[in-house]
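Data block for data.txt (compact mmCIF, C-alpha atoms):
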```
# COMPACT_ATOMS: atom_id res chain seq x y z
CA MET A 1 -17.15 22.51 -13.69
CA TYR A 2 -15.56 24.20 -10.74
CA PRO A 3 -13.09 25.76 -10.33
CA ALA A 4 -13.83 27.94 -13.31
CA ASN A 5 -12.21 27.13 -16.64
CA HIS A 6 -9.76 30.03 -16.41
CA PHE A 7 -8.17 28.31 -13.39
CA CYS A 8 -7.68 24.99 -15.20
CA GLN A 9 -4.03 24.19 -15.88
CA ASP A 10 -3.72 21.90 -18.89
CA ASP A 11 0.00 22.48 -19.41
CA HIS A 12 1.40 19.05 -18.56
CA GLN A 13 4.92 20.45 -18.01
CA GLN A 14 3.60 22.86 -15.38
CA GLN A 15 1.66 20.04 -13.73
CA LEU A 16 4.84 17.94 -13.61
CA ALA A 17 6.82 20.87 -12.21
CA LEU A 18 4.33 21.25 -9.34
CA ILE A 19 4.49 17.51 -8.57
CA LYS A 20 8.29 17.54 -8.62
CA GLU A 21 8.40 20.49 -6.22
CA TYR A 22 5.63 19.15 -3.92
CA PRO A 23 5.80 15.31 -4.06
CA LEU A 24 3.67 14.60 -0.96
CA ALA A 25 0.49 13.12 -2.44
CA THR A 26 -2.81 13.09 -0.64
CA ILE A 27 -4.30 9.79 -1.73
CA LEU A 28 -8.06 9.34 -1.80
CA LEU A 29 -8.94 5.69 -1.21
CA PRO A 30 -12.41 4.36 -2.02
CA ARG A 31 -14.48 3.11 0.90
CA SER A 32 -17.11 0.51 0.22
CA GLU A 33 -19.29 1.28 3.24
CA SER A 34 -19.89 4.93 2.34
CA LYS A 35 -19.49 7.44 -0.43
CA LEU A 36 -16.62 9.07 1.42
CA ASN A 37 -12.93 8.42 0.93
CA ASP A 38 -10.22 7.28 3.27
CA VAL A 39 -7.19 9.51 2.99
CA CYS A 40 -3.49 8.90 3.41
CA GLN A 41 -0.40 10.84 2.44
CA ILE A 42 2.83 9.47 1.01
CA PRO A 43 5.59 11.06 -1.05
CA LEU A 44 5.63 9.86 -4.64
CA LEU A 45 8.22 10.05 -7.37
CA LEU A 46 7.36 10.07 -11.04
CA ASP A 47 9.50 7.45 -12.75
CA SER A 48 9.51 9.12 -16.15
CA SER A 49 11.11 6.10 -17.84
CA GLN A 50 7.94 4.09 -17.11
CA GLN A 51 5.45 6.97 -16.73
CA LEU A 52 4.50 5.66 -13.28
CA PHE A 53 4.43 7.18 -9.84
CA ILE A 54 6.29 5.05 -7.31
CA GLY A 55 6.21 5.00 -3.54
CA HIS A 56 5.85 2.83 -0.50
CA ALA A 57 3.55 2.76 2.50
CA ALA A 58 3.29 0.77 5.71
CA ILE A 59 2.01 -2.71 4.99
CA TYR A 60 -1.03 -2.05 7.22
CA ASN A 61 -2.01 1.07 5.26
CA PRO A 62 -5.38 0.38 3.55
CA LEU A 63 -3.72 1.43 0.29
CA SER A 64 -1.79 -1.85 0.27
CA ALA A 65 -5.07 -3.76 -0.20
CA LEU A 66 -6.15 -1.86 -3.33
CA ASN A 67 -4.23 -3.72 -6.02
CA LYS A 68 -5.66 -2.99 -9.51
CA GLN A 69 -8.11 -0.40 -8.12
CA GLU A 70 -8.26 3.30 -8.90
CA VAL A 71 -7.35 6.01 -6.41
CA GLY A 72 -7.11 9.77 -6.53
CA LEU A 73 -3.74 11.47 -6.10
CA VAL A 74 -3.75 15.15 -5.11
CA PHE A 75 -0.57 17.22 -5.16
CA ASN A 76 -0.83 20.68 -3.57
CA SER A 77 1.60 23.55 -3.76
CA GLU A 78 1.88 26.26 -1.15
CA ASN A 79 -1.26 28.35 -0.75
CA CYS A 80 -2.14 31.68 0.80
CA TYR A 81 -4.83 34.18 1.61
CA LEU A 82 -5.05 37.28 -0.60
CA PRO A 83 -6.59 40.15 1.38
CA PRO A 84 -8.34 43.07 -0.35
CA SER A 85 -5.89 45.47 1.33
CA TYR A 86 -3.04 43.87 -0.63
CA SER A 87 -4.61 45.10 -3.87
CA ASN A 88 -5.82 48.47 -2.54
CA ASN A 89 -9.31 47.06 -1.98
CA LYS A 90 -9.77 46.32 -5.69
CA THR A 91 -10.67 42.69 -5.17
CA LEU A 92 -12.59 40.43 -2.85
CA PRO A 93 -10.79 38.32 -0.29
CA SER A 94 -9.49 35.21 -1.99
CA TRP A 95 -7.34 32.14 -1.53
CA LEU A 96 -4.55 31.36 -3.98
CA TYR A 97 -3.44 27.79 -4.64
CA ALA A 98 -2.23 25.35 -7.24
CA ARG A 99 -2.97 21.64 -7.30
CA VAL A 100 -2.77 18.67 -9.63
CA GLU A 101 -5.22 15.79 -9.40
CA VAL A 102 -4.40 12.43 -10.95
CA THR A 103 -6.61 9.36 -11.16
CA ALA A 104 -4.33 6.33 -11.10
CA GLU A 105 -4.47 2.55 -10.97
CA VAL A 106 -2.66 0.90 -8.07
CA ASN A 107 -0.18 -1.89 -8.70
CA ILE A 108 1.28 -3.56 -5.61
CA VAL A 109 4.84 -4.65 -6.38
CA THR A 110 5.75 -8.09 -5.05
CA SER A 111 9.03 -8.75 -6.88
CA LEU A 112 11.99 -8.28 -4.51
CA SER A 113 14.21 -6.97 -7.31
CA LYS A 114 11.58 -4.39 -8.30
CA GLN A 115 11.08 -3.42 -4.63
CA LYS A 116 14.84 -2.80 -4.33
CA GLN A 117 14.72 -0.75 -7.52
CA ILE A 118 11.87 1.39 -6.19
CA MET A 119 13.54 1.91 -2.80
CA THR A 120 16.81 2.84 -4.52
CA LEU A 121 15.11 5.37 -6.83
CA LEU A 122 13.18 6.91 -3.92
CA THR A 123 16.12 7.20 -1.54
CA ASP A 124 18.53 8.44 -4.22
CA HIS A 125 16.01 11.10 -5.22
CA PHE A 126 14.98 12.31 -1.77
CA GLU A 127 18.45 12.05 -0.21
CA GLN A 128 19.86 14.45 -2.82
CA HIS A 129 17.89 17.31 -1.24
CA PHE A 130 20.12 17.32 1.82
CA ASN A 131 23.25 19.45 1.85
CA ALA A 132 25.54 16.59 2.81
CA PRO A 133 28.10 15.46 0.25
CA VAL A 134 26.71 12.75 -2.04
CA GLN A 135 28.94 10.09 -0.51
CA ASP A 136 27.27 10.74 2.89
CA ASN A 137 23.74 10.10 1.57
CA TRP A 138 22.00 7.03 2.94
CA GLN A 139 21.88 4.21 0.42
CA ILE A 140 19.95 0.98 0.45
CA SER A 141 23.17 -0.88 -0.33
CA GLN A 142 24.31 -0.08 3.24
CA LEU A 143 21.78 -2.58 4.62
CA SER A 144 22.49 -6.25 5.19
CA GLU A 145 20.18 -8.68 3.39
CA LYS A 146 18.60 -9.57 6.74
CA SER A 147 17.87 -5.90 7.53
CA LEU A 148 16.61 -5.33 4.00
CA HIS A 149 14.17 -8.23 4.18
CA GLY A 150 13.02 -7.12 7.64
CA MET A 151 12.33 -3.61 6.38
CA PHE A 152 10.59 -4.80 3.22
CA LYS A 153 8.22 -7.01 5.24
CA GLN A 154 6.91 -3.80 6.85
CA LEU A 155 6.30 -2.01 3.54
CA ALA A 156 4.00 -2.18 0.54
CA PHE A 157 5.74 -1.00 -2.63
CA ILE A 158 3.33 0.65 -5.01
CA GLU A 159 3.25 1.81 -8.59
CA PHE A 160 0.51 4.21 -9.65
CA LYS A 161 -0.35 4.21 -13.36
CA PRO A 162 -1.84 7.61 -14.27
CA ILE A 163 -5.17 7.48 -16.09
CA THR A 164 -6.32 11.12 -16.01
CA TRP A 165 -4.64 14.41 -15.07
CA HIS A 166 -6.27 17.69 -14.07
CA GLY A 167 -4.66 20.89 -12.83
CA ASN A 168 -6.22 23.84 -10.98
CA PHE A 169 -3.97 26.86 -10.55
CA LYS A 170 -5.99 29.67 -8.93
CA LEU A 171 -3.37 32.40 -8.94
CA SER A 172 -5.40 35.53 -9.78
CA GLN A 173 -4.79 34.99 -13.50
CA ASN A 174 -8.31 36.33 -14.11
CA LYS A 175 -7.44 39.66 -12.45
CA PRO A 176 -5.90 42.77 -14.04
CA ASP A 177 -2.11 43.12 -13.88
CA GLU A 178 -2.33 45.85 -11.21
CA ILE A 179 -3.98 43.36 -8.83
CA ARG A 180 -1.81 40.39 -9.81
```
Translate this structure into structure tokens?
Amino acid sequence: MYPANHFCQDDHQQQLALIKEYPLATILLPRSESKLNDVCQIPLLLDSSQQLFIGHAAIYNPLSALNKQEVGLVFNSENCYLPPSYSNNKTLPSWLYARVEVTAEVNIVTSLSKQKQIMTLLTDHFEQHFNAPVQDNWQISQLSEKSLHGMFKQLAFIEFKPITWHGNFKLSQNKPDEIR
């Protein structure tokens, strides 16, 4: 298994913390005509009440055609190069990173009420990161029904049910304290 076992991160709380901080998922989509994957990126939110990731993508995104299929979700933190000079030449050049990989089953949401719920959860969550007062945050309730239906026709609302989790945090934890 690579990366080496000492880089595996099995602490589920630390995995969740990385996903919360870096919610842009790289999604690996299976391709039938080759052994390669198609790739797309969308921000996902873990709905802890249901233990599902939720998100939406353009209706023409190949992801919207994968109902009940498995995909790979990859969440990456920041990463950086570690030069030998940084540790007084006591280590080889290296790259530091942390990532969480999740295998998940896709569920395309077709219920309008559930789509509204997902859009509300997503916008409430991501809008809170702006410095504007809460009352200035964009809310789905500001849209007319006609605008809402027009927007929703352009989107696929997706739930991702996690099946397996795996974390790799290569942060020089195998090095002596003086290097770390």
Smallest atom-to-atom distance to Leu63 in chain A: which of A:Leu16, A:Val102, A:Leu29, A:Leu24, using only C-alpha atoms? A:Leu29
Between CA of Gln15 in chain A and CA of Val106 in chain A, measure the distance and give it in Å to one decimal.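 We find that CA of Gln15 in chain A and CA of Val106 in chain A lie 20.4 Å from each other.
Across A:His12, A:Lys170, A:His56, A:Lys20, the tightest approach to Arg99 in chain A is made by A:Lys170 when counting only C-alpha atoms.
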Residue among A:Asn76, A:Gln117, A:Ser111, A:Ser144 lying closest to Asn168 in chain A, counting only C-alpha atoms: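 So, comparing all the options, the nearest one is A:Asn76.
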Quick one: residues within 9 Å of Val39 in chain A, only C-alpha atoms, excluding same-chain residues fewer than 6 positions away - as a short mmCIF file (atom, residue, chain, number, x, y, z; two decimals) with C-alpha atoms, keeping the file's coordinate frame?
```
data_model
loop_
_atom_site.label_atom_id
_atom_site.label_comp_id
_atom_site.auth_asym_id
_atom_site.auth_seq_id
_atom_site.Cartn_x
_atom_site.Cartn_y
_atom_site.Cartn_z
CA THR A 26 -2.81 13.09 -0.64
CA ILE A 27 -4.30 9.79 -1.73
CA LEU A 28 -8.06 9.34 -1.80
CA LEU A 29 -8.94 5.69 -1.21
CA PRO A 30 -12.41 4.36 -2.02
#
```
Smallest atom-to-atom distance to Cys8 in chain A: which of A:Thr110, A:Ser64, A:Ala98, A:Ala25, using all atoms listed in the file?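 Residue with the minimum atom-to-atom distance to Cys8 in chain A: A:Ala98.
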Please provide the set of residues having any atom within 6 Å of range 150-167 of chain A, restricted to only C-alpha atoms, with same-chain residues fewer than 2 positions apart removed, written as an MDAnalysis selection string. chainID A and resid 8:9 52:59 64 99:109 147:148
Could you please determine the separation between CA of Trp95 in chain A and CA of Val74 in chain A in Å, to one decimal place?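 Distance reported for this atom pair: 17.7 Å.
Note that the spacing between CA of Leu46 in chain A and CA of Thr120 in chain A amounts to 13.6 Å.
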Selected residue of minimal separation from Ile42 in chain A among A:Leu122, A:Ser85, A:Gln69, A:Ala4, counting all atoms listed in the file: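 Among the listed residues, A:Leu122 lies closest to Ile42 in chain A.
Distance check against Asp124 in chain A using only C-alpha atoms: of A:Leu18, A:Ile140, A:Leu92, A:Leu82, the minimum falls on A:Ile140.
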Centre, edges in Å (one decimal): axis-aligned box, range 56-64 of chain A, 3 Å padding on all six sides, as JSON:
```
{"center_x": 0.2, "center_y": 0.1, "center_z": 3.4, "size_x": 17.2, "size_y": 11.5, "size_z": 13.7}
```
Would you mind completing range 37-48 of chain A so that it carries all heavy atoms, and writing it out as a PDB file, keeping the file's coordinate frame?
```pdb
ATOM      1  N   ASN A  37     -14.232   9.016   1.193  1.00  0.00           N
ATOM      2  CA  ASN A  37     -12.930   8.420   0.930  1.00  0.00           C
ATOM      3  C   ASN A  37     -12.143   8.300   2.225  1.00  0.00           C
ATOM      4  O   ASN A  37     -12.301   9.106   3.132  1.00  0.00           O
ATOM      5  CB  ASN A  37     -12.107   9.307  -0.011  1.00  0.00           C
ATOM      6  CG  ASN A  37     -12.690   9.371  -1.388  1.00  0.00           C
ATOM      7  OD1 ASN A  37     -12.877   8.364  -2.049  1.00  0.00           O
ATOM      8  ND2 ASN A  37     -12.987  10.581  -1.845  1.00  0.00           N
ATOM      9  N   ASP A  38     -11.289   7.277   2.283  1.00  0.00           N
ATOM     10  CA  ASP A  38     -10.220   7.280   3.270  1.00  0.00           C
ATOM     11  C   ASP A  38      -9.102   8.091   2.655  1.00  0.00           C
ATOM     12  O   ASP A  38      -8.990   8.187   1.433  1.00  0.00           O
ATOM     13  CB  ASP A  38      -9.735   5.853   3.554  1.00  0.00           C
ATOM     14  CG  ASP A  38     -10.649   5.114   4.514  1.00  0.00           C
ATOM     15  OD1 ASP A  38     -11.276   5.761   5.365  1.00  0.00           O
ATOM     16  OD2 ASP A  38     -10.726   3.878   4.401  1.00  0.00           O
ATOM     17  N   VAL A  39      -8.263   8.648   3.478  1.00  0.00           N
ATOM     18  CA  VAL A  39      -7.190   9.510   2.990  1.00  0.00           C
ATOM     19  C   VAL A  39      -5.889   9.101   3.649  1.00  0.00           C
ATOM     20  O   VAL A  39      -5.851   8.802   4.840  1.00  0.00           O
ATOM     21  CB  VAL A  39      -7.481  10.996   3.339  1.00  0.00           C
ATOM     22  CG1 VAL A  39      -6.345  11.892   2.921  1.00  0.00           C
ATOM     23  CG2 VAL A  39      -8.783  11.447   2.692  1.00  0.00           C
ATOM     24  N   CYS A  40      -4.830   9.060   2.851  1.00  0.00           N
ATOM     25  CA  CYS A  40      -3.490   8.900   3.410  1.00  0.00           C
ATOM     26  C   CYS A  40      -2.550   9.789   2.606  1.00  0.00           C
ATOM     27  O   CYS A  40      -2.914  10.287   1.539  1.00  0.00           O
ATOM     28  CB  CYS A  40      -3.032   7.440   3.386  1.00  0.00           C
ATOM     29  SG  CYS A  40      -2.728   6.753   1.769  1.00  0.00           S
ATOM     30  N   GLN A  41      -1.391  10.024   3.131  1.00  0.00           N
ATOM     31  CA  GLN A  41      -0.400  10.840   2.440  1.00  0.00           C
ATOM     32  C   GLN A  41       0.917  10.090   2.376  1.00  0.00           C
ATOM     33  O   GLN A  41       1.376   9.567   3.402  1.00  0.00           O
ATOM     34  CB  GLN A  41      -0.191  12.177   3.154  1.00  0.00           C
ATOM     35  CG  GLN A  41      -1.399  13.086   3.039  1.00  0.00           C
ATOM     36  CD  GLN A  41      -1.136  14.441   3.628  1.00  0.00           C
ATOM     37  OE1 GLN A  41      -0.788  14.550   4.795  1.00  0.00           O
ATOM     38  NE2 GLN A  41      -1.292  15.473   2.825  1.00  0.00           N
ATOM     39  N   ILE A  42       1.492  10.028   1.180  1.00  0.00           N
ATOM     40  CA  ILE A  42       2.830   9.470   1.010  1.00  0.00           C
ATOM     41  C   ILE A  42       3.542  10.248  -0.090  1.00  0.00           C
ATOM     42  O   ILE A  42       2.906  10.720  -1.034  1.00  0.00           O
ATOM     43  CB  ILE A  42       2.838   7.948   0.707  1.00  0.00           C
ATOM     44  CG1 ILE A  42       2.118   7.621  -0.582  1.00  0.00           C
ATOM     45  CG2 ILE A  42       2.265   7.159   1.856  1.00  0.00           C
ATOM     46  CD1 ILE A  42       2.272   6.160  -1.002  1.00  0.00           C
ATOM     47  N   PRO A  43       4.849  10.411   0.029  1.00  0.00           N
ATOM     48  CA  PRO A  43       5.590  11.060  -1.050  1.00  0.00           C
ATOM     49  C   PRO A  43       5.708  10.111  -2.229  1.00  0.00           C
ATOM     50  O   PRO A  43       5.919   8.910  -2.052  1.00  0.00           O
ATOM     51  CB  PRO A  43       6.964  11.343  -0.422  1.00  0.00           C
ATOM     52  CG  PRO A  43       7.082  10.369   0.689  1.00  0.00           C
ATOM     53  CD  PRO A  43       5.696  10.070   1.167  1.00  0.00           C
ATOM     54  N   LEU A  44       5.528  10.651  -3.427  1.00  0.00           N
ATOM     55  CA  LEU A  44       5.630   9.860  -4.640  1.00  0.00           C
ATOM     56  C   LEU A  44       6.643  10.470  -5.579  1.00  0.00           C
ATOM     57  O   LEU A  44       6.851  11.682  -5.588  1.00  0.00           O
ATOM     58  CB  LEU A  44       4.274   9.768  -5.349  1.00  0.00           C
ATOM     59  CG  LEU A  44       3.144   9.090  -4.581  1.00  0.00           C
ATOM     60  CD1 LEU A  44       1.854   9.121  -5.401  1.00  0.00           C
ATOM     61  CD2 LEU A  44       3.505   7.665  -4.207  1.00  0.00           C
ATOM     62  N   LEU A  45       7.239   9.629  -6.366  1.00  0.00           N
ATOM     63  CA  LEU A  45       8.220  10.050  -7.370  1.00  0.00           C
ATOM     64  C   LEU A  45       7.710   9.577  -8.713  1.00  0.00           C
ATOM     65  O   LEU A  45       7.278   8.422  -8.846  1.00  0.00           O
ATOM     66  CB  LEU A  45       9.575   9.418  -7.053  1.00  0.00           C
ATOM     67  CG  LEU A  45      10.709   9.690  -8.025  1.00  0.00           C
ATOM     68  CD1 LEU A  45      11.060  11.176  -8.067  1.00  0.00           C
ATOM     69  CD2 LEU A  45      11.937   8.880  -7.621  1.00  0.00           C
ATOM     70  N   LEU A  46       7.742  10.468  -9.702  1.00  0.00           N
ATOM     71  CA  LEU A  46       7.360  10.070 -11.040  1.00  0.00           C
ATOM     72  C   LEU A  46       8.571   9.443 -11.708  1.00  0.00           C
ATOM     73  O   LEU A  46       9.591  10.098 -11.918  1.00  0.00           O
ATOM     74  CB  LEU A  46       6.862  11.263 -11.862  1.00  0.00           C
ATOM     75  CG  LEU A  46       6.433  10.932 -13.290  1.00  0.00           C
ATOM     76  CD1 LEU A  46       5.246   9.976 -13.307  1.00  0.00           C
ATOM     77  CD2 LEU A  46       6.084  12.201 -14.044  1.00  0.00           C
ATOM     78  N   ASP A  47       8.471   8.156 -11.998  1.00  0.00           N
ATOM     79  CA  ASP A  47       9.500   7.450 -12.750  1.00  0.00           C
ATOM     80  C   ASP A  47       9.189   7.698 -14.214  1.00  0.00           C
ATOM     81  O   ASP A  47       8.347   7.023 -14.806  1.00  0.00           O
ATOM     82  CB  ASP A  47       9.476   5.959 -12.402  1.00  0.00           C
ATOM     83  CG  ASP A  47      10.536   5.157 -13.145  1.00  0.00           C
ATOM     84  OD1 ASP A  47      11.184   5.704 -14.058  1.00  0.00           O
ATOM     85  OD2 ASP A  47      10.708   3.973 -12.816  1.00  0.00           O
ATOM     86  N   SER A  48       9.844   8.698 -14.792  1.00  0.00           N
ATOM     87  CA  SER A  48       9.510   9.120 -16.150  1.00  0.00           C
ATOM     88  C   SER A  48       9.850   8.048 -17.187  1.00  0.00           C
ATOM     89  O   SER A  48       9.256   8.029 -18.257  1.00  0.00           O
ATOM     90  CB  SER A  48      10.182  10.444 -16.487  1.00  0.00           C
ATOM     91  OG  SER A  48      11.567  10.354 -16.291  1.00  0.00           O
TER      92      SER A  48
END
```
